[in-house]
Structure formats: structure tokens, C-alpha cells
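Q: So I've got this file, upload_34.txt, and it contains compact mmCIF, C-alpha atoms:
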```
# COMPACT_ATOMS: atom_id res chain seq x y z
CA MET A 1 -8.61 -17.52 -33.13
CA PHE A 2 -6.62 -17.27 -29.88
CA LYS A 3 -9.61 -18.57 -27.90
CA GLY A 4 -9.70 -21.63 -30.14
CA ILE A 5 -5.98 -22.19 -29.71
CA ARG A 6 -6.29 -21.91 -25.93
CA ARG A 7 -9.09 -24.49 -25.97
CA ARG A 8 -6.99 -26.83 -28.10
CA MET A 9 -4.20 -26.56 -25.58
CA LYS A 10 -6.29 -27.15 -22.45
CA GLY A 11 -6.86 -30.83 -23.03
CA LEU A 12 -3.22 -31.48 -23.87
CA ASP A 13 -2.10 -29.42 -20.88
CA PHE A 14 -4.38 -31.55 -18.70
CA LEU A 15 -2.76 -34.73 -20.02
CA ASN A 16 0.75 -33.42 -19.47
CA SER A 17 -0.10 -32.49 -15.88
CA LEU A 18 -0.89 -36.08 -14.89
CA GLU A 19 1.45 -38.34 -12.94
CA GLN A 20 2.88 -41.38 -14.70
CA TRP A 21 2.08 -43.56 -11.67
CA ASN A 22 -0.39 -43.33 -8.81
CA GLY A 23 2.28 -42.41 -6.28
CA GLN A 24 1.86 -45.63 -4.31
CA GLY A 25 4.42 -47.76 -6.14
CA GLY A 26 1.72 -49.82 -7.81
CA PHE A 27 -1.54 -49.77 -9.75
CA CYS A 28 -5.07 -49.06 -8.56
CA PRO A 29 -7.73 -49.45 -11.27
CA GLU A 30 -10.66 -48.22 -9.18
CA ASN A 31 -10.59 -44.63 -10.44
CA ILE A 32 -10.62 -45.52 -14.12
CA LYS A 33 -13.51 -47.90 -13.43
CA LYS A 34 -15.43 -45.03 -11.80
CA ALA A 35 -14.69 -42.77 -14.75
CA MET A 36 -15.77 -45.35 -17.32
CA ASN A 37 -18.96 -46.10 -15.38
CA TYR A 38 -19.76 -42.37 -15.35
CA LEU A 39 -19.22 -42.27 -19.13
CA ASP A 40 -21.50 -45.32 -19.54
CA ASN A 41 -18.65 -47.73 -20.28
CA PRO A 42 -17.85 -46.85 -23.91
CA GLN A 43 -15.19 -49.61 -23.96
CA ASP A 44 -17.89 -52.28 -23.83
CA LYS A 45 -20.04 -50.91 -26.65
CA ILE A 46 -17.67 -52.07 -29.39
CA ALA A 47 -16.44 -55.60 -30.15
CA SER A 48 -12.94 -55.85 -28.70
CA ILE A 49 -9.77 -57.93 -28.67
CA HIS A 50 -7.47 -57.59 -25.64
CA VAL A 51 -3.78 -58.40 -26.18
CA ALA A 52 -1.14 -58.98 -23.49
CA GLY A 53 2.33 -60.55 -23.51
CA THR A 54 5.96 -59.88 -22.67
CA ASN A 55 7.02 -59.59 -26.31
CA GLY A 56 5.06 -59.53 -29.55
CA LYS A 57 1.83 -58.03 -28.26
CA GLY A 58 2.25 -54.87 -30.32
CA SER A 59 2.94 -56.80 -33.52
CA VAL A 60 -0.01 -59.11 -32.87
CA SER A 61 -2.26 -56.11 -32.19
CA ALA A 62 -1.15 -54.32 -35.35
CA ALA A 63 -1.65 -57.47 -37.44
CA LEU A 64 -5.14 -58.04 -36.03
CA SER A 65 -6.09 -54.44 -36.74
CA SER A 66 -4.86 -54.81 -40.32
CA ILE A 67 -6.69 -58.10 -40.81
CA LEU A 68 -10.00 -56.71 -39.51
CA ALA A 69 -9.65 -53.68 -41.77
CA LYS A 70 -9.09 -55.92 -44.80
CA GLU A 71 -12.36 -57.65 -43.92
CA GLY A 72 -14.08 -54.28 -44.31
CA TYR A 73 -14.48 -53.33 -40.66
CA ARG A 74 -13.80 -49.92 -39.14
CA VAL A 75 -11.12 -50.57 -36.54
CA GLY A 76 -9.54 -48.79 -33.59
CA LEU A 77 -6.09 -49.73 -32.32
CA ASN A 78 -4.94 -48.70 -28.85
CA ILE A 79 -1.23 -49.19 -28.12
CA SER A 80 1.18 -48.37 -25.32
CA PRO A 81 3.73 -46.88 -25.21
CA HIS A 82 4.15 -44.58 -28.22
CA LEU A 83 7.34 -44.04 -30.20
CA VAL A 84 7.29 -40.29 -30.86
CA ARG A 85 3.87 -38.67 -30.29
CA ILE A 86 1.09 -39.60 -27.88
CA ASN A 87 -1.37 -39.50 -30.79
CA GLU A 88 0.14 -42.81 -31.95
CA ARG A 89 -1.54 -44.58 -29.05
CA ILE A 90 -5.01 -43.96 -30.45
CA VAL A 91 -5.46 -45.18 -34.03
CA VAL A 92 -8.70 -44.99 -36.02
CA ASP A 93 -8.96 -46.73 -39.38
CA GLY A 94 -5.19 -46.95 -39.68
CA TYR A 95 -4.35 -43.35 -38.74
CA SER A 96 -3.30 -41.76 -35.46
CA ILE A 97 -5.88 -39.24 -34.26
CA ASN A 98 -5.09 -35.55 -34.67
CA ASN A 99 -4.45 -33.07 -31.86
CA GLU A 100 -7.94 -31.56 -32.13
CA LEU A 101 -9.70 -34.87 -31.51
CA LEU A 102 -7.24 -35.81 -28.77
CA ASN A 103 -7.83 -32.46 -27.10
CA GLU A 104 -11.64 -32.71 -27.25
CA ALA A 105 -11.64 -36.21 -25.77
CA ALA A 106 -9.19 -35.10 -23.08
CA LEU A 107 -11.51 -32.23 -22.13
CA GLU A 108 -14.43 -34.67 -21.96
CA LEU A 109 -12.45 -36.83 -19.55
CA LYS A 110 -11.23 -33.83 -17.56
CA ASP A 111 -14.83 -32.72 -17.00
CA CYS A 112 -15.77 -36.25 -15.91
CA LEU A 113 -12.93 -36.45 -13.38
CA LYS A 114 -13.79 -33.01 -12.00
CA LYS A 115 -17.39 -34.07 -11.37
CA LEU A 116 -16.27 -37.32 -9.74
CA LYS A 117 -13.50 -35.57 -7.77
CA ILE A 118 -10.93 -38.18 -8.76
CA THR A 119 -7.74 -38.24 -10.82
CA LEU A 120 -6.08 -40.70 -13.18
CA THR A 121 -2.52 -41.47 -14.14
CA TYR A 122 -1.21 -40.52 -17.58
CA HIS A 123 -1.62 -44.07 -18.96
CA GLU A 124 -5.08 -44.46 -17.44
CA ALA A 125 -6.20 -41.14 -18.92
CA LEU A 126 -4.93 -42.01 -22.40
CA THR A 127 -6.67 -45.38 -22.19
CA ALA A 128 -9.94 -43.73 -21.19
CA ILE A 129 -9.56 -41.11 -23.93
CA ALA A 130 -9.06 -43.87 -26.50
CA PHE A 131 -12.38 -45.46 -25.56
CA ILE A 132 -14.13 -42.08 -25.68
CA VAL A 133 -12.79 -41.51 -29.20
CA TYR A 134 -13.70 -45.01 -30.38
CA GLU A 135 -17.30 -44.54 -29.24
CA TRP A 136 -17.49 -41.16 -30.97
CA LYS A 137 -16.20 -42.73 -34.19
CA LYS A 138 -18.75 -45.60 -34.03
CA LEU A 139 -16.19 -48.28 -34.84
CA ASP A 140 -16.88 -51.97 -35.46
CA TRP A 141 -13.85 -53.38 -33.63
CA ILE A 142 -11.15 -52.21 -31.26
CA VAL A 143 -7.84 -53.97 -30.64
CA VAL A 144 -6.41 -53.01 -27.26
CA GLU A 145 -2.80 -53.65 -26.26
CA VAL A 146 -2.04 -53.98 -22.55
CA GLY A 147 0.36 -51.35 -21.26
CA LEU A 148 1.99 -53.40 -18.50
CA GLY A 149 1.09 -56.78 -17.03
CA GLY A 150 -2.63 -57.29 -17.36
CA ARG A 151 -4.53 -57.75 -14.12
CA LEU A 152 -4.12 -54.17 -12.91
CA ASP A 153 -3.50 -52.44 -16.23
CA ALA A 154 -5.85 -49.63 -17.23
CA SER A 155 -6.87 -51.55 -20.35
CA ASN A 156 -8.37 -54.28 -18.17
CA ILE A 157 -11.55 -52.26 -17.83
CA LEU A 158 -12.66 -54.22 -20.90
CA ASN A 159 -15.41 -56.35 -19.40
CA CYS A 160 -16.44 -58.50 -22.35
CA PRO A 161 -13.75 -58.84 -25.05
CA LYS A 162 -14.44 -61.28 -27.85
CA ALA A 163 -10.87 -62.57 -27.54
CA CYS A 164 -8.18 -62.43 -24.85
CA VAL A 165 -4.74 -62.89 -26.38
CA ILE A 166 -1.40 -63.59 -24.67
CA SER A 167 1.51 -63.50 -27.10
CA SER A 168 4.43 -64.69 -24.94
CA ILE A 169 5.84 -64.88 -21.43
CA GLY A 170 9.34 -63.75 -20.52
CA LEU A 171 11.23 -61.86 -17.84
CA ASP A 172 10.52 -58.14 -17.90
CA HIS A 173 9.37 -55.56 -15.33
CA GLN A 174 10.08 -58.07 -12.56
CA ASP A 175 10.05 -55.30 -9.96
CA ILE A 176 6.34 -54.82 -10.67
CA LEU A 177 5.08 -58.14 -12.05
CA GLY A 178 7.19 -60.59 -10.04
CA PRO A 179 10.60 -62.27 -10.36
CA THR A 180 9.54 -65.48 -12.14
CA LYS A 181 7.75 -66.37 -15.36
CA ALA A 182 5.02 -68.07 -13.33
CA GLU A 183 4.26 -64.91 -11.37
CA ILE A 184 4.35 -62.80 -14.52
CA ALA A 185 1.99 -65.25 -16.22
CA LYS A 186 -0.49 -64.97 -13.35
CA GLU A 187 -0.50 -61.18 -13.70
CA LYS A 188 -1.11 -61.39 -17.44
CA ALA A 189 -3.81 -64.01 -16.91
CA GLY A 190 -5.83 -61.26 -15.25
CA ILE A 191 -7.17 -60.25 -18.66
CA ILE A 192 -8.99 -63.58 -19.14
CA LYS A 193 -12.74 -62.99 -18.89
CA LYS A 194 -15.78 -65.24 -18.68
CA GLY A 195 -17.62 -65.34 -21.98
CA SER A 196 -14.48 -64.67 -23.99
CA ARG A 197 -11.95 -67.00 -25.63
CA LEU A 198 -8.27 -67.28 -24.79
CA PHE A 199 -5.54 -67.44 -27.45
CA CYS A 200 -1.96 -68.22 -26.45
CA GLY A 201 1.20 -67.81 -28.48
CA ARG A 202 4.28 -69.99 -28.28
CA MET A 203 5.50 -70.14 -24.69
CA ASP A 204 6.93 -72.42 -22.00
CA ALA A 205 4.82 -75.29 -20.67
CA GLU A 206 4.53 -73.91 -17.12
CA SER A 207 3.10 -70.58 -18.29
CA LEU A 208 0.71 -72.28 -20.70
CA LYS A 209 -0.56 -74.54 -17.90
CA ILE A 210 -1.26 -71.50 -15.73
CA PHE A 211 -3.34 -69.96 -18.51
CA ASN A 212 -5.15 -73.20 -19.30
CA ASP A 213 -6.01 -73.80 -15.64
CA ILE A 214 -7.36 -70.28 -15.14
CA ALA A 215 -9.30 -70.42 -18.40
CA LYS A 216 -10.80 -73.77 -17.41
CA SER A 217 -11.89 -72.41 -14.03
CA LEU A 218 -13.74 -69.61 -15.85
CA GLY A 219 -15.25 -71.88 -18.49
CA VAL A 220 -13.19 -70.21 -21.21
CA GLU A 221 -12.15 -72.09 -24.36
CA THR A 222 -8.41 -71.97 -25.12
CA SER A 223 -6.50 -72.05 -28.40
CA SER A 224 -2.73 -72.42 -28.13
CA TRP A 225 0.41 -72.92 -30.21
CA GLY A 226 1.20 -76.58 -30.86
CA VAL A 227 -2.28 -77.75 -29.85
CA SER A 228 -4.65 -75.70 -31.99
CA TYR A 229 -2.26 -74.20 -34.53
CA LYS A 230 1.38 -73.85 -35.51
CA ALA A 231 3.50 -72.23 -38.21
CA GLU A 232 6.75 -72.79 -40.04
CA ILE A 233 9.18 -70.89 -42.22
CA VAL A 234 9.17 -72.43 -45.69
CA ALA A 235 11.60 -70.09 -47.47
CA LYS A 236 14.06 -67.39 -46.40
CA GLU A 237 15.38 -64.53 -48.48
CA ARG A 238 18.22 -62.69 -46.79
CA SER A 239 17.30 -59.27 -48.13
CA ASN A 240 13.59 -59.72 -48.70
CA GLY A 241 12.03 -61.44 -45.70
CA TYR A 242 10.60 -64.95 -45.67
CA THR A 243 7.61 -67.05 -46.62
CA MET A 244 5.72 -68.86 -43.87
CA ARG A 245 2.92 -71.37 -43.60
CA TYR A 246 0.17 -71.17 -40.97
CA MET A 247 -1.51 -74.45 -40.06
CA ASP A 248 -4.75 -74.90 -38.14
CA LEU A 249 -4.39 -78.27 -36.42
CA LYS A 250 -8.10 -78.58 -35.67
CA CYS A 251 -9.49 -78.18 -39.20
CA ASN A 252 -6.38 -78.96 -41.29
CA GLU A 253 -6.34 -75.51 -42.88
CA ALA A 254 -3.04 -74.18 -44.23
CA LEU A 255 -2.23 -70.65 -45.41
CA SER A 256 1.06 -69.62 -47.02
CA PHE A 257 2.20 -66.00 -47.36
CA LYS A 258 5.08 -63.55 -47.03
CA PRO A 259 4.54 -61.24 -44.01
CA SER A 260 5.40 -57.57 -44.40
CA LEU A 261 7.06 -57.51 -40.96
CA LYS A 262 10.64 -58.72 -41.26
CA GLY A 263 12.45 -60.99 -38.83
CA THR A 264 11.60 -64.67 -38.53
CA PHE A 265 10.51 -64.10 -34.91
CA GLN A 266 7.39 -62.52 -36.43
CA ARG A 267 6.32 -65.98 -37.57
CA ASP A 268 4.87 -66.68 -34.12
CA ASN A 269 3.13 -63.31 -33.91
CA MET A 270 1.55 -63.51 -37.36
CA ALA A 271 0.39 -67.08 -36.74
CA LEU A 272 -1.23 -66.05 -33.45
CA ALA A 273 -3.01 -63.12 -35.10
CA ILE A 274 -4.36 -65.37 -37.84
CA ASN A 275 -5.50 -67.98 -35.32
CA VAL A 276 -7.49 -65.32 -33.48
CA ALA A 277 -8.93 -63.87 -36.68
CA ARG A 278 -9.96 -67.22 -38.16
CA SER A 279 -11.64 -68.14 -34.87
CA LEU A 280 -13.66 -64.93 -35.26
CA ASN A 281 -14.71 -66.05 -38.75
CA ILE A 282 -12.50 -63.59 -40.61
CA SER A 283 -11.85 -64.88 -44.13
CA PRO A 284 -8.52 -66.50 -45.08
CA GLU A 285 -8.12 -63.86 -47.80
CA SER A 286 -8.36 -60.99 -45.30
CA CYS A 287 -5.95 -62.76 -42.96
CA ILE A 288 -3.34 -63.10 -45.68
CA LYS A 289 -3.78 -59.53 -46.95
CA GLY A 290 -3.67 -58.20 -43.41
CA VAL A 291 -0.32 -59.75 -42.50
CA GLN A 292 1.13 -59.00 -45.93
CA GLU A 293 0.38 -55.29 -45.64
CA VAL A 294 0.61 -54.46 -41.92
CA PHE A 295 3.10 -51.74 -41.01
CA TRP A 296 4.49 -51.65 -37.48
CA PRO A 297 7.43 -49.23 -37.03
CA ALA A 298 10.61 -50.04 -35.10
CA ARG A 299 10.15 -53.79 -35.40
CA PHE A 300 13.19 -54.95 -37.35
CA GLU A 301 12.67 -51.86 -39.49
CA LYS A 302 15.43 -51.10 -41.99
CA LEU A 303 16.38 -47.46 -42.39
CA ASP A 304 18.75 -46.31 -45.13
CA ILE A 305 20.71 -43.26 -43.99
CA GLY A 306 22.91 -42.22 -46.87
CA ALA A 307 25.10 -45.19 -47.70
CA THR A 308 24.47 -46.78 -44.30
CA SER A 309 21.66 -49.19 -43.44
CA VAL A 310 20.37 -49.26 -39.87
CA ILE A 311 18.01 -51.74 -38.22
CA LEU A 312 15.58 -50.08 -35.80
CA ASP A 313 13.92 -52.33 -33.23
CA CYS A 314 12.20 -51.90 -29.86
CA ALA A 315 13.71 -55.02 -28.25
CA HIS A 316 14.29 -54.14 -24.59
CA ASN A 317 14.52 -57.43 -22.69
CA ILE A 318 16.60 -60.59 -23.01
CA ASP A 319 14.04 -62.57 -25.03
CA GLY A 320 13.48 -59.66 -27.40
CA ILE A 321 17.20 -59.11 -27.88
CA ASN A 322 17.81 -62.82 -28.52
CA ALA A 323 15.02 -62.86 -31.13
CA LEU A 324 16.46 -59.77 -32.79
CA ALA A 325 19.94 -61.31 -32.86
CA GLU A 326 18.62 -64.39 -34.68
```
Using C-alpha cells, write down the structure from this file.
A:
Amino acid sequence: MFKGIRRRMKGLDFLNSLEQWNGQGGFCPENIKKAMNYLDNPQDKIASIHVAGTNGKGSVSAALSSILAKEGYRVGLNISPHLVRINERIVVDGYSINNELLNEAALELKDCLKKLKITLTYHEALTAIAFIVYEWKKLDWIVVEVGLGGRLDASNILNCPKACVISSIGLDHQDILGPTKAEIAKEKAGIIKKGSRLFCGRMDAESLKIFNDIAKSLGVETSSWGVSYKAEIVAKERSNGYTMRYMDLKCNEALSFKPSLKGTFQRDNMALAINVARSLNISPESCIKGVQEVFWPARFEKLDIGATSVILDCAHNIDGINALAE
């Protein structure tokens, strides 16, 4: 029994021993590329959607995962950061993986790194572990949220995603990504890959032009808010959310529904998720069910504590705070 417990701890101890950063004040993706190559690139064996953005990328990722599941697919969701437990970062069929599976995948990675004589950061290791788990579970789709930026993020080892998604551009992490929206947009544009499709949420014209220009140079088709699709709030209920309408401007399709995620700022995120899903030939019925039933904690989440109601939200930059205040 104690031997089994010690083994269960070794993988988690390995994770906890890793540095958060690479010690050089920046990001260097070469080591995770080496590790994934050694493991035969599990991240590219499953159909994937890669999601970046200053705000909204988590909500878009969660909605896409829910939509794909409603279509009958087995889905993995990889998020960063987590709220409470690291297990939350690696979701399989709607549930965070347990400690035993996390530990076994961590040991698999630890052995790989030992043979290659390299190390990874904490975020890189968790990203690699997610892909190991997803291959073991033989999933149909994985939805991968960027941790920070895009170009140099660990998640950018995805070589052939079916869709590259950028939810929004705002000012955040300027010390790492650059002081202006344009520079931040260029970093996030690093996830755009040849052979994929680009989907952009509602954003400023300068950022959208940057994405369109880069996509064009790579021969990548782009779908964006206001050109390919849009959405509107058709009814508000103060205590019970809102009803919205999604409109595809290319094929004149319209879908009306009440999203499970509260806050009218989620209109843009749900519309983007549906635009991606419909472009991947996911049925309108699955799209509606997916956004009506998705659960994404700490996003305008109401908690009743005794006689007091509290709103819990992860807004942490000026755009997020402004959206929350609305």
C-alpha cells in the first residue's frame, strides 16, 4: 500500500519541483518541442481547436468543448490557469482528471525528460501532460486554451489545429507581450497555422487587420465579427440572464437561445464559439444545447452565502473589469 502511495506522489512531487518560468525572463519553447517529438507528438494525433485572446478565451474554450460534446464527440479541454486544483487544467469528457491519472502522465513525462536531459517549466509540463492524457484516452477533439500570449506559449506546439481562435485583444501582461494592442496582437497571431482557419471575436480594427494580414500571408481563411457573423441581445432578465440571437452573415442563418453563462459580455464569446462550431459542421442543435448548458466557474458566477449574494468573477484587467461592471 505504502509503495503505491509513494508512486502516486512521485509524479506530483515532480510537478511541484518545476520552476514557473525558464529563469531567463521569457519563454523558450524548444524543450517542449523536443519532449513532444520524443513522445511522437500526441498533440497532433487528435483534431484540435487552439484558443487565444486577452479576455474571453476560457469561456469560448468551455463553450466549444460543451458544443462538441453535445454533438456526441469525446472531448478534452486544456485550460490555464486553474482556480483551485491543477487537475482542473486537464478535462476529459467534462471532468477534471483524477490524481492517479495526473501522476501517471507526470511520471511518463519525467522519464522522457530524464532521457533527453532537459527540463520544462511548470506550465510547459502540464501542457505536455495534458496531451499525453488525451492520447491515452483516445479522444475525438481537444480544445486548447493558450496560457499567455500565443507565439511562445507551450500550447503552440499544436502543429495542425482545425481552427485557430482569437477572442479579443486588450492590454494585459504588457511587460511580457508588449505595451500596445498591436504588439500584443502580433504575439497572439503566432498561433495562426497554415492549413487551419482563423476565427476572430469582436475587436478593434487595427488588431483585426494584423490578424487578417498574417492569415492572408499564410493562405488561411478568416472569419470575423461583423464580417462573417454577429450577435445581439434580444431580451434581458435582470435576475435570469438574457436571450441572444446569433447571425451568420454569409449564409443568413440565425439561432436564438438563452446562454447559461450570465453577463451580457458573454454574447460575444458564445457567438464566436458558435461561429467556429458551425464552420466545423457541428449541428445548430448541438450549438444551442452546448451554450445553454456550459458551466464555467468564476465567470459572473452568483454565490449565495447565507442571506448574502456574491458575484465571483476572474476579471483581472481593465477590459474585463469594464465588462463585469456593465
Q: I'd like the neighbourhood of Ala35 of chain A as a list of chain:residue names, where a residue qualifies if any of its atoms comes within 7 Å (using only C-alpha atoms), though same-chain residues fewer than 4 positions away should be ignored.
A: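 Everything that qualifies: A:Asn31, A:Leu39, A:Cys112, A:Leu113.
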Q: Out of A:Gln20, A:Asn99, A:Ser80, A:Asn159, which residue has the shortest atom-to-atom distance to Ser48 of chain A when counting only C-alpha atoms?
A: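 The answer is A:Asn159, which sits nearest to Ser48 of chain A.
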Q: Quick one: of A:Glu135, A:Asp13, A:Glu19, A:Asp93, who's nearest to Lys110 of chain A, counting only C-alpha atoms?
A: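 Checking each of A:Glu135, A:Asp13, A:Glu19, A:Asp93 against Lys110 of chain A, counting only C-alpha atoms, the winner is A:Asp13.
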Q: If you measure from atom CA of Val294 of chain A to atom CA of Trp225 of chain A, what distance in Å do you get, rounded to one decimal?
A: 21.9 Å
Q: Just give me the gap between atom CA of Glu183 of chain A and atom CA of Gly170 of chain A in Å, one decimal is fine.
A: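 That distance, rounded to one decimal, is 10.5 Å.
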Q: Return the single residue from A:Leu109, A:Leu68, A:Ile233, A:Ala62 that is closest to Val91 of chain A, with distances computed using only C-alpha atoms.
A: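 Ranking A:Leu109, A:Leu68, A:Ile233, A:Ala62 by distance to Val91 of chain A, first place goes to A:Ala62.
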Q: For Ser286 of chain A, which of A:Gly72, A:Gly11, A:Gly178, A:Pro81 is the closest residue, counting all atoms listed in the file?
A: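 Of A:Gly72, A:Gly11, A:Gly178, A:Pro81, the one nearest Ser286 of chain A is A:Gly72, counting all atoms listed in the file.
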Q: Take atom CA of Leu120 of chain A and atom CA of Glu88 of chain A and report the distance between them in Å, one decimal.
A: 19.9 Å
Q: Taking 4 positions as the minimum chain separation for residues in the same chain, which residues sit within 8 Å of Asn87 of chain A when counting only C-alpha atoms? Answer as a list in words.
A: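 Using only C-alpha atoms, the neighbours found are His82, Val91, Ser96, Ile97, Asn98, Asn99 and Leu102 of chain A.
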Q: Quick one: of A:Val146, A:Ile129, A:Val84, A:Val165, who's nearest to Ala277 of chain A, counting all atoms listed in the file?
A: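 Using all atoms listed in the file, the shortest distance to Ala277 of chain A belongs to A:Val165.
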Q: Listing only residues of segment 264-285 of chain A within 9 Å of segment 241-250 of chain A, what is the closest atom pair and its distance in Å (to one decimal) for each, using all atoms listed in the file, sorted by chain and residue number ascending, as CSV?
A:
```
residue,atom,partner,partner_atom,distance
A:Thr264,CA,A:Tyr242,CA,7.2
A:Arg267,CA,A:Met244,CA,7.0
A:Met270,CA,A:Tyr246,CA,8.6
A:Ala271,CA,A:Tyr246,CA,5.9
A:Ile274,CA,A:Tyr246,CA,8.0
A:Asn275,CA,A:Asp248,CA,7.5
```
Q: I want to know what sits within 12 Å of Ala273 of chain A, based on all atoms listed in the file, with residues of the same chain fewer than 4 positions away left out; could you give that as a PyMOL selection string?
A: chain A and resi 49-51+56-68+143+163-167+199-201+223-225+229-231+246+259+266-269+277-280+282+284+286-288+290-291+294
Q: Considering all atoms listed in the file, return as a PyMOL selection string whatever protein or nucleic-acid residues lie within 12 Å of Asn16 of chain A, sequence-local ones (same chain, fewer than 6 positions apart) excluded.
A: chain A and resi 9-10+86+103+106+120-123+125-126
Q: Identify, on the basis of all atoms listed in the file, every residue whose closest approach to Glu206 of chain A does not exceed 12 Å; exclude the query and any residue fewer than 2 positions from it along the same chain; express the result as a PyMOL selection string.
A: chain A and resi 169-170+180-186+202-204+208-213
Q: Point out the residue among A:Arg197, A:Lys216, A:Lys262, A:Lys138 with the least atom-to-atom distance to Val75 of chain A, counting all atoms listed in the file.
A: A:Lys138
